[in-house]
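Below: upload-v5.txt (compact mmCIF, C-alpha atoms and all ligand atoms)
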```txt
# COMPACT_ATOMS: atom_id res chain seq x y z
CA MET G 15 7.11 -10.61 -214.82
CA ARG G 16 10.13 -10.00 -216.92
CA ILE G 17 10.97 -6.83 -215.04
CA LYS G 18 10.59 -8.54 -211.71
CA THR G 19 12.96 -11.28 -212.70
CA VAL G 20 15.53 -8.76 -213.77
CA LYS G 21 15.06 -6.87 -210.52
CA SER G 22 15.41 -9.91 -208.39
CA SER G 23 18.48 -11.10 -210.23
CA ASN G 24 19.92 -7.59 -209.86
CA TRP G 25 19.25 -7.72 -206.16
CA SER G 26 20.79 -11.08 -205.69
CA LEU G 27 23.81 -9.97 -207.71
CA ARG G 28 24.21 -6.94 -205.45
CA THR G 29 23.83 -9.08 -202.34
CA ASN G 30 26.57 -11.36 -203.63
CA LYS G 31 28.84 -8.40 -204.19
CA LEU G 32 28.22 -7.20 -200.65
CA THR G 33 28.37 -10.60 -198.99
CA PHE G 34 31.74 -11.73 -200.28
CA PRO G 35 33.88 -8.90 -198.80
CA TYR G 36 31.77 -8.97 -195.66
CA VAL G 37 32.37 -12.69 -195.02
CA PHE G 38 36.01 -12.25 -195.94
CA LEU G 39 36.43 -9.47 -193.37
CA ILE G 40 34.71 -11.53 -190.69
CA CYS G 41 37.06 -14.40 -191.43
CA ILE G 42 40.09 -12.13 -191.15
CA PHE G 43 38.77 -10.67 -187.92
CA PHE G 44 38.35 -14.06 -186.27
CA PHE G 45 41.66 -15.29 -187.61
CA LEU G 46 43.51 -12.29 -186.18
CA ALA G 47 41.56 -12.42 -182.93
CA GLY G 48 42.46 -16.08 -182.56
CA PHE G 49 46.09 -15.52 -183.48
CA PHE G 50 46.73 -12.60 -181.13
CA GLY G 51 44.60 -14.15 -178.44
CA SER G 52 46.73 -17.29 -178.40
CA THR G 53 49.92 -15.24 -178.48
CA LEU G 54 48.81 -13.20 -175.50
CA PHE G 55 47.80 -16.34 -173.67
CA SER G 56 51.11 -18.06 -174.18
CA HIS G 57 52.99 -14.90 -173.11
CA SER G 58 51.06 -14.77 -169.87
CA GLN G 59 52.13 -18.37 -169.25
CA ASP G 60 55.75 -17.46 -169.97
CA GLY G 61 55.46 -14.71 -167.43
CA ASP G 62 54.21 -16.75 -164.52
CA GLY G 63 56.87 -19.39 -165.18
CA TYR G 64 55.17 -22.10 -163.13
CA GLY G 65 54.97 -24.78 -165.78
CA LEU G 66 51.47 -24.44 -167.22
CA ARG G 67 53.30 -25.04 -170.46
CA PRO G 68 54.07 -28.67 -171.25
CA ARG G 69 57.78 -29.59 -170.86
CA PRO G 70 58.74 -30.00 -174.51
CA ARG G 71 57.70 -26.40 -175.25
CA LEU G 72 59.80 -25.24 -172.30
CA LEU G 73 62.84 -27.06 -173.67
CA ASP G 74 62.27 -25.50 -177.09
CA SER G 75 62.20 -22.02 -175.67
CA THR G 76 65.35 -22.72 -173.62
CA LYS G 77 67.18 -23.63 -176.83
CA GLU G 78 66.16 -20.39 -178.48
CA THR G 79 67.40 -18.30 -175.58
CA GLU G 80 70.54 -16.29 -176.25
CA TYR G 81 73.33 -16.51 -173.72
CA ASN G 82 73.39 -13.66 -171.29
CA LEU G 83 76.93 -12.33 -171.60
CA MET G 84 78.94 -11.14 -168.62
CA THR G 85 81.17 -8.13 -168.71
CA ALA G 86 84.57 -9.63 -169.48
CA GLY G 87 87.94 -8.62 -168.10
CA GLU G 88 90.56 -6.81 -170.12
CA PHE G 89 91.71 -9.83 -172.14
CA GLY G 90 88.38 -11.64 -172.05
CA ASP G 91 85.92 -12.13 -174.89
CA ASP G 92 82.67 -10.32 -175.66
CA SER G 93 81.23 -13.48 -177.19
CA ILE G 94 80.67 -17.14 -176.40
CA THR G 95 83.13 -19.69 -177.83
CA SER G 96 81.73 -23.10 -178.53
CA ILE G 97 84.30 -25.88 -178.96
CA PRO G 98 82.60 -29.29 -178.82
CA PHE G 99 84.52 -32.12 -177.19
CA GLN G 100 84.12 -35.68 -176.02
CA VAL G 101 85.84 -36.99 -172.91
CA LEU G 102 87.65 -40.13 -174.12
CA SER G 103 89.22 -41.07 -170.83
CA TRP G 104 89.99 -39.88 -167.31
CA LYS G 105 93.07 -42.12 -167.08
CA PRO G 106 94.79 -40.46 -168.87
CA ARG G 107 92.77 -37.24 -169.09
CA ALA G 108 92.03 -37.26 -172.82
CA LEU G 109 89.61 -35.15 -174.82
CA TYR G 110 88.56 -35.51 -178.42
CA PHE G 111 87.62 -32.41 -180.43
CA PRO G 112 85.67 -33.25 -183.61
CA ASN G 113 86.13 -30.74 -186.45
CA PHE G 114 88.65 -28.65 -184.57
CA ALA G 115 90.11 -27.42 -187.88
CA THR G 116 88.69 -27.20 -191.39
CA ALA G 117 89.86 -29.37 -194.29
CA GLU G 118 91.36 -26.27 -195.89
CA GLN G 119 93.35 -25.43 -192.74
CA CYS G 120 94.69 -28.99 -192.64
CA GLU G 121 95.72 -28.87 -196.29
CA ASN G 122 97.49 -25.54 -195.73
CA ILE G 123 99.51 -27.00 -192.86
CA VAL G 124 100.50 -30.09 -194.87
CA SER G 125 101.71 -28.00 -197.80
CA VAL G 126 103.73 -25.65 -195.56
CA ALA G 127 105.28 -28.67 -193.75
CA LYS G 128 106.13 -30.65 -196.89
CA ALA G 129 108.97 -28.28 -197.76
CA GLY G 130 110.96 -28.93 -194.58
CA LEU G 131 110.30 -32.61 -193.88
CA LYS G 132 113.15 -34.61 -192.25
CA PRO G 133 113.28 -38.01 -190.51
CA SER G 134 111.95 -37.55 -186.95
CA SER G 135 114.43 -37.72 -184.09
CA LEU G 136 114.10 -38.78 -180.47
CA ALA G 137 115.03 -37.19 -177.16
CA LEU G 138 117.69 -39.64 -175.99
CA ARG G 139 117.81 -41.19 -172.54
CA LYS G 140 121.06 -42.02 -170.72
CA GLY G 141 122.89 -44.70 -172.74
CA GLU G 142 120.73 -44.27 -175.85
CA THR G 143 122.18 -43.38 -179.25
CA THR G 144 120.62 -42.60 -182.62
CA GLU G 145 121.78 -46.06 -183.72
CA ASN G 146 120.28 -48.13 -180.90
CA THR G 147 116.95 -46.29 -180.98
CA LYS G 148 116.39 -46.81 -184.72
CA GLY G 149 112.89 -48.06 -185.48
CA ILE G 150 111.18 -46.56 -182.41
CA ARG G 151 110.06 -43.54 -184.36
CA THR G 152 110.06 -43.96 -188.11
CA SER G 153 108.02 -40.95 -189.22
CA SER G 154 109.29 -37.79 -190.92
CA GLY G 155 108.66 -34.41 -189.44
CA VAL G 156 109.41 -30.75 -189.17
CA PHE G 157 109.20 -28.20 -186.39
CA LEU G 158 107.22 -25.16 -187.49
CA SER G 159 106.54 -22.09 -185.43
CA ALA G 160 103.25 -20.35 -186.20
CA SER G 161 105.12 -17.26 -187.39
CA ARG G 162 106.67 -19.25 -190.25
CA ASP G 163 103.28 -20.10 -191.75
CA LYS G 164 102.34 -17.30 -194.16
CA THR G 165 98.80 -18.68 -194.50
CA LYS G 166 98.28 -17.80 -190.77
CA THR G 167 96.66 -21.20 -190.27
CA LEU G 168 99.04 -22.34 -187.53
CA GLU G 169 98.43 -19.08 -185.69
CA ALA G 170 94.66 -19.66 -185.74
CA ILE G 171 95.06 -23.26 -184.57
CA GLU G 172 97.46 -22.22 -181.81
CA GLU G 173 94.98 -19.61 -180.62
CA LYS G 174 92.18 -22.16 -180.55
CA ILE G 175 94.31 -24.69 -178.64
CA ALA G 176 95.12 -22.00 -176.07
CA ARG G 177 91.41 -21.35 -175.61
CA ALA G 178 90.53 -25.03 -175.34
CA THR G 179 93.24 -25.65 -172.71
CA MET G 180 93.39 -22.17 -171.14
CA ILE G 181 97.16 -22.49 -171.19
CA PRO G 182 98.66 -19.42 -172.90
CA ARG G 183 100.10 -19.80 -176.41
CA SER G 184 103.54 -18.89 -175.09
CA HIS G 185 103.66 -22.21 -173.20
CA GLY G 186 103.59 -24.22 -176.41
CA GLU G 187 106.60 -25.59 -178.25
CA ALA G 188 106.69 -25.02 -182.02
CA PHE G 189 104.33 -27.35 -183.91
CA ASN G 190 105.84 -30.69 -184.78
CA ILE G 191 104.27 -31.75 -188.07
CA LEU G 192 104.67 -35.46 -188.75
CA ARG G 193 104.08 -37.71 -191.71
CA TYR G 194 103.70 -41.47 -191.30
CA GLU G 195 103.79 -43.59 -194.44
CA VAL G 196 102.69 -47.23 -194.72
CA GLY G 197 104.45 -49.25 -192.00
CA GLN G 198 105.69 -46.19 -190.10
CA ARG G 199 104.96 -45.97 -186.39
CA TYR G 200 105.93 -44.51 -183.05
CA ASN G 201 106.40 -46.97 -180.20
CA SER G 202 104.63 -46.13 -176.97
CA HIS G 203 106.32 -43.43 -174.93
CA TYR G 204 105.68 -40.53 -172.58
CA ASP G 205 105.75 -36.94 -173.76
CA ALA G 206 106.74 -35.77 -170.27
CA PHE G 207 110.40 -36.22 -169.33
CA ASN G 208 110.99 -38.36 -166.27
CA PRO G 209 114.02 -36.76 -164.51
CA ASP G 210 115.18 -40.25 -163.43
CA GLU G 211 115.68 -41.14 -167.09
CA TYR G 212 116.38 -37.83 -168.79
CA GLY G 213 118.10 -35.91 -166.01
CA PRO G 214 116.78 -32.75 -164.31
CA GLN G 215 114.32 -30.77 -166.45
CA LYS G 216 114.07 -27.02 -166.58
CA SER G 217 110.49 -27.21 -167.74
CA GLN G 218 108.09 -30.06 -168.22
CA ARG G 219 105.48 -31.02 -170.81
CA VAL G 220 102.03 -30.79 -169.25
CA ALA G 221 99.79 -31.72 -172.14
CA SER G 222 99.87 -32.62 -175.83
CA PHE G 223 97.46 -31.56 -178.54
CA LEU G 224 97.36 -33.62 -181.73
CA LEU G 225 95.59 -32.28 -184.80
CA TYR G 226 94.99 -34.91 -187.44
CA LEU G 227 95.65 -33.37 -190.84
CA THR G 228 94.48 -36.31 -192.96
CA ASP G 229 92.13 -39.26 -192.79
CA VAL G 230 94.01 -42.57 -192.69
CA GLU G 231 92.40 -45.41 -194.59
CA GLU G 232 93.69 -48.08 -192.22
CA GLY G 233 95.93 -48.09 -189.14
CA GLY G 234 97.76 -45.05 -187.77
CA GLU G 235 95.62 -44.83 -184.63
CA THR G 236 96.91 -42.99 -181.58
CA MET G 237 96.95 -45.63 -178.85
CA PHE G 238 96.93 -45.41 -175.07
CA PRO G 239 97.92 -48.94 -174.02
CA PHE G 240 97.71 -48.21 -170.26
CA GLU G 241 94.30 -46.52 -170.41
CA ASN G 242 92.47 -47.00 -167.12
CA GLY G 243 95.27 -49.25 -165.80
CA LEU G 244 95.13 -51.80 -168.65
CA ASN G 245 98.30 -53.77 -169.60
CA MET G 246 100.28 -52.29 -166.70
CA ASP G 247 101.46 -55.65 -165.34
CA GLY G 248 104.94 -55.25 -166.87
CA THR G 249 104.33 -57.46 -169.91
CA TYR G 250 103.63 -54.68 -172.40
CA GLY G 251 106.15 -54.57 -175.26
CA TYR G 252 105.79 -50.91 -176.37
CA GLU G 253 105.08 -51.94 -179.96
CA ASP G 254 101.69 -53.61 -179.56
CA CYS G 255 98.77 -51.60 -180.74
CA VAL G 256 96.46 -52.14 -177.76
CA GLY G 257 94.32 -50.22 -175.29
CA LEU G 258 92.34 -47.12 -176.18
CA ARG G 259 92.80 -46.29 -179.86
CA VAL G 260 91.86 -43.05 -181.59
CA LYS G 261 91.35 -43.19 -185.33
CA PRO G 262 92.79 -40.18 -187.17
CA ARG G 263 90.21 -38.10 -189.02
CA GLN G 264 91.08 -34.94 -190.88
CA GLY G 265 90.45 -31.83 -188.78
CA ASP G 266 89.86 -33.65 -185.49
CA GLY G 267 91.90 -32.87 -182.39
CA LEU G 268 93.07 -34.97 -179.45
CA LEU G 269 94.22 -33.42 -176.19
CA PHE G 270 95.69 -35.39 -173.34
CA TYR G 271 97.51 -34.47 -170.15
CA SER G 272 100.87 -36.04 -169.33
CA LEU G 273 100.90 -34.69 -165.78
CA LEU G 274 98.45 -35.34 -162.98
CA PRO G 275 96.99 -32.30 -161.21
CA ASN G 276 99.65 -32.68 -158.50
CA GLY G 277 102.41 -32.36 -161.11
CA THR G 278 103.65 -35.96 -161.21
CA ILE G 279 103.74 -37.90 -164.50
CA ASP G 280 100.50 -39.73 -165.28
CA GLN G 281 101.63 -43.31 -165.94
CA THR G 282 98.51 -43.92 -168.04
CA SER G 283 99.50 -41.15 -170.49
CA LEU G 284 101.81 -43.61 -172.26
CA HIS G 285 100.90 -43.46 -175.95
CA GLY G 286 102.13 -44.29 -179.41
CA SER G 287 101.18 -44.32 -183.06
CA CYS G 288 100.07 -47.64 -184.52
CA PRO G 289 101.67 -48.40 -187.89
CA VAL G 290 99.87 -47.05 -190.93
CA ILE G 291 98.46 -49.98 -192.90
CA LYS G 292 96.90 -48.12 -195.80
CA GLY G 293 97.14 -44.46 -196.74
CA GLU G 294 99.26 -41.72 -195.19
CA LYS G 295 98.96 -40.07 -191.78
CA TRP G 296 99.77 -36.41 -191.22
CA VAL G 297 99.49 -34.96 -187.74
CA ALA G 298 100.39 -31.64 -186.14
CA THR G 299 101.54 -31.98 -182.53
CA LYS G 300 101.66 -29.15 -180.03
CA TRP G 301 103.47 -29.90 -176.79
CA ILE G 302 102.41 -27.61 -173.99
CA ARG G 303 104.79 -26.87 -171.13
CA ASN G 304 104.38 -25.71 -167.56
CA LEU G 305 106.71 -22.75 -168.17
CA ASP G 306 106.50 -19.88 -170.61
CA GLN G 307 108.68 -20.92 -173.57
CA GLU G 308 109.52 -17.32 -174.46
CA ASP G 309 111.35 -16.82 -171.14
CA ASP G 310 113.37 -19.91 -171.98
CA ASP G 311 116.80 -19.68 -173.64
C1 LIG D 401 99.88 -37.46 -157.11
O1 LIG D 401 98.58 -37.96 -157.39
C2 LIG D 401 98.54 -39.36 -157.63
C3 LIG D 401 97.13 -39.72 -158.04
O2 LIG D 401 96.18 -39.12 -157.23
C4 LIG D 401 99.02 -40.11 -156.42
O3 LIG D 401 98.99 -41.50 -156.66
C5 LIG D 401 100.44 -39.68 -156.09
O4 LIG D 401 100.88 -40.31 -154.94
C6 LIG D 401 100.52 -38.18 -155.92
N1 LIG D 401 101.90 -37.79 -155.76
C7 LIG D 401 102.29 -36.79 -154.96
C8 LIG D 401 103.76 -36.53 -154.92
O5 LIG D 401 101.52 -36.16 -154.33
```
As structure tokens, how would this structure be written, given the file I've shared?
Ligand SMILES: *[C@@H]1O[C@H](CO)[C@@H](O)[C@H](O)[C@H]1NC(C)=O
Amino acid sequence: MRIKTVKSSNWSLRTNKLTFPYVFLICIFFFLAGFFGSTLFSHSQDGDGYGLRPRPRLLDSTKETEYNLMTAGEFGDDSITSIPFQVLSWKPRALYFPNFATAEQCENIVSVAKAGLKPSSLALRKGETTENTKGIRTSSGVFLSASRDKTKTLEAIEEKIARATMIPRSHGEAFNILRYEVGQRYNSHYDAFNPDEYGPQKSQRVASFLLYLTDVEEGGETMFPFENGLNMDGTYGYEDCVGLRVKPRQGDGLLFYSLLPNGTIDQTSLHGSCPVIKGEKWVATKWIRNLDQEDDD
């Protein structure tokens, strides 16, 4: 009796020892079979491509797909550039580029510009003098060519602007870095030069790129008072902050075209800087011309 009990408990102990790994292996087998089976199944659906897969899965897999690069030309890229933008308007053609530059890049530009800051001047029309145009543009500024920035930040920004516009860097004027303090403004104006007012032009400004170097607590918006034909009835006073307004945010870019595709001045590209109400506005402006600036002297 005693022996039997021992034997039977021995047996059951041995069975337990055998059973546990056995069940474990079976579990692993079915798990792997299930896993690879489902993988194979989904691959075969990928292959036939006729939508057995529900749509959301298809969208997921599209997102994961790498771009299929083309062979580029001599000065092309071997990678994809992604520069997000929002179309702000078609009249004028204006694009907004969130996070075009980093905070550090903006701070570099401000510190390089601070050294050379002078009151901004105006291109004068027939009959205008520095005296009778006082108050139209009250900011301070400095022209800086990318080569004068030892931090290489302006060079990087210039390169990125050239890519975003596909107008070569050599078509850009030097950066105009501006500071607007509380109350300072720029009345609405055109960046392009109308030959009727300014006389014949050797080259013309095609587009302007503004890079906001600081946040502005209040005011300091870039305004387009004639956006989409608004306020064009002759009553606009050039000081009113109306129409489409773009709030400056550090690192964001704004591109707009002063010329229509047929080369005439876009009347809706009139723009100005609303007065700063609180804080300080720093902006880097790049005027882009139709002619290569390096050929120009
Ligand atoms: C240029 O295009 C604008 C807008 O399409 C048009 O109103 C204007 O007459 C054109 N000017 C010339 C010279 O073609």
Selection within 12 Å of ligand LIG 401 (chain D) by all atoms listed in the file, output as a PyMOL selection string
chain G and resi 104-106+273-282
Residues as selected, C-alpha atoms, written as a CSV table (one decimal), in the coordinates of the input, can you do that?
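Saved file out-v2.csv follows:
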```
chain,number,residue,atom,x,y,z
G,104,TRP,CA,90.0,-39.9,-167.3
G,105,LYS,CA,93.1,-42.1,-167.1
G,106,PRO,CA,94.8,-40.5,-168.9
G,273,LEU,CA,100.9,-34.7,-165.8
G,274,LEU,CA,98.4,-35.3,-163.0
G,275,PRO,CA,97.0,-32.3,-161.2
G,276,ASN,CA,99.6,-32.7,-158.5
G,277,GLY,CA,102.4,-32.4,-161.1
G,278,THR,CA,103.6,-36.0,-161.2
G,279,ILE,CA,103.7,-37.9,-164.5
G,280,ASP,CA,100.5,-39.7,-165.3
G,281,GLN,CA,101.6,-43.3,-165.9
G,282,THR,CA,98.5,-43.9,-168.0
```
Rank G:Phe157, G:Asp254, G:Asp247, G:Arg177 by their smallest atom-to-atom distance to Thr95 in chain G, using all atoms listed in the file, and report the top residue only.
G:Arg177
So what do you get for CA of Glu294 in chain G versus CA of Tyr194 in chain G, distance-wise?
5.9 Å
Please determine, counting only C-alpha atoms, which residue among G:Gly267, G:Gly141, G:Gly90, G:Pro262 has the shortest atom-to-atom distance to Ile175 in chain G.
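When distances to Ile175 in chain G are compared using only C-alpha atoms, the smallest one comes from G:Gly267.
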Rounded to one decimal in Å, what is the spacing between CA of Asp163 in chain G and CA of Lys295 in chain G?
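Computing the Euclidean distance for CA of Asp163 in chain G and CA of Lys295 in chain G yields 20.4 Å.
Proximity to Tyr252 in chain G was assessed for G:Lys128, G:Lys164, G:Arg151, G:Arg193 counting all atoms listed in the file; the smallest distance is recorded for G:Arg151.
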Quick one: everything within 12 Å of Phe99 in chain G, counting all atoms listed in the file, minus sequence neighbours fewer than 6 positions away in the same chain. Send it as a PyMOL selection string.
chain G and resi 108-114+178-179+266-269
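The closest residue to Val124 in chain G, picked from G:Tyr250, G:Phe189, G:Tyr204, G:Phe240 and counting only C-alpha atoms, is G:Phe189.
With only C-alpha atoms as the atoms that count, the minimum distance from Asp229 in chain G to the choices G:Ala170, G:Cys255, G:Cys120, G:Ile302 is reached by G:Cys120.
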Please identify all polymer residues within 7 Å of Arg259 in chain G, counting only C-alpha atoms, omitting same-chain residues fewer than 4 positions from it, and present them as an MDAnalysis selection string.
chainID G and resid 235:238
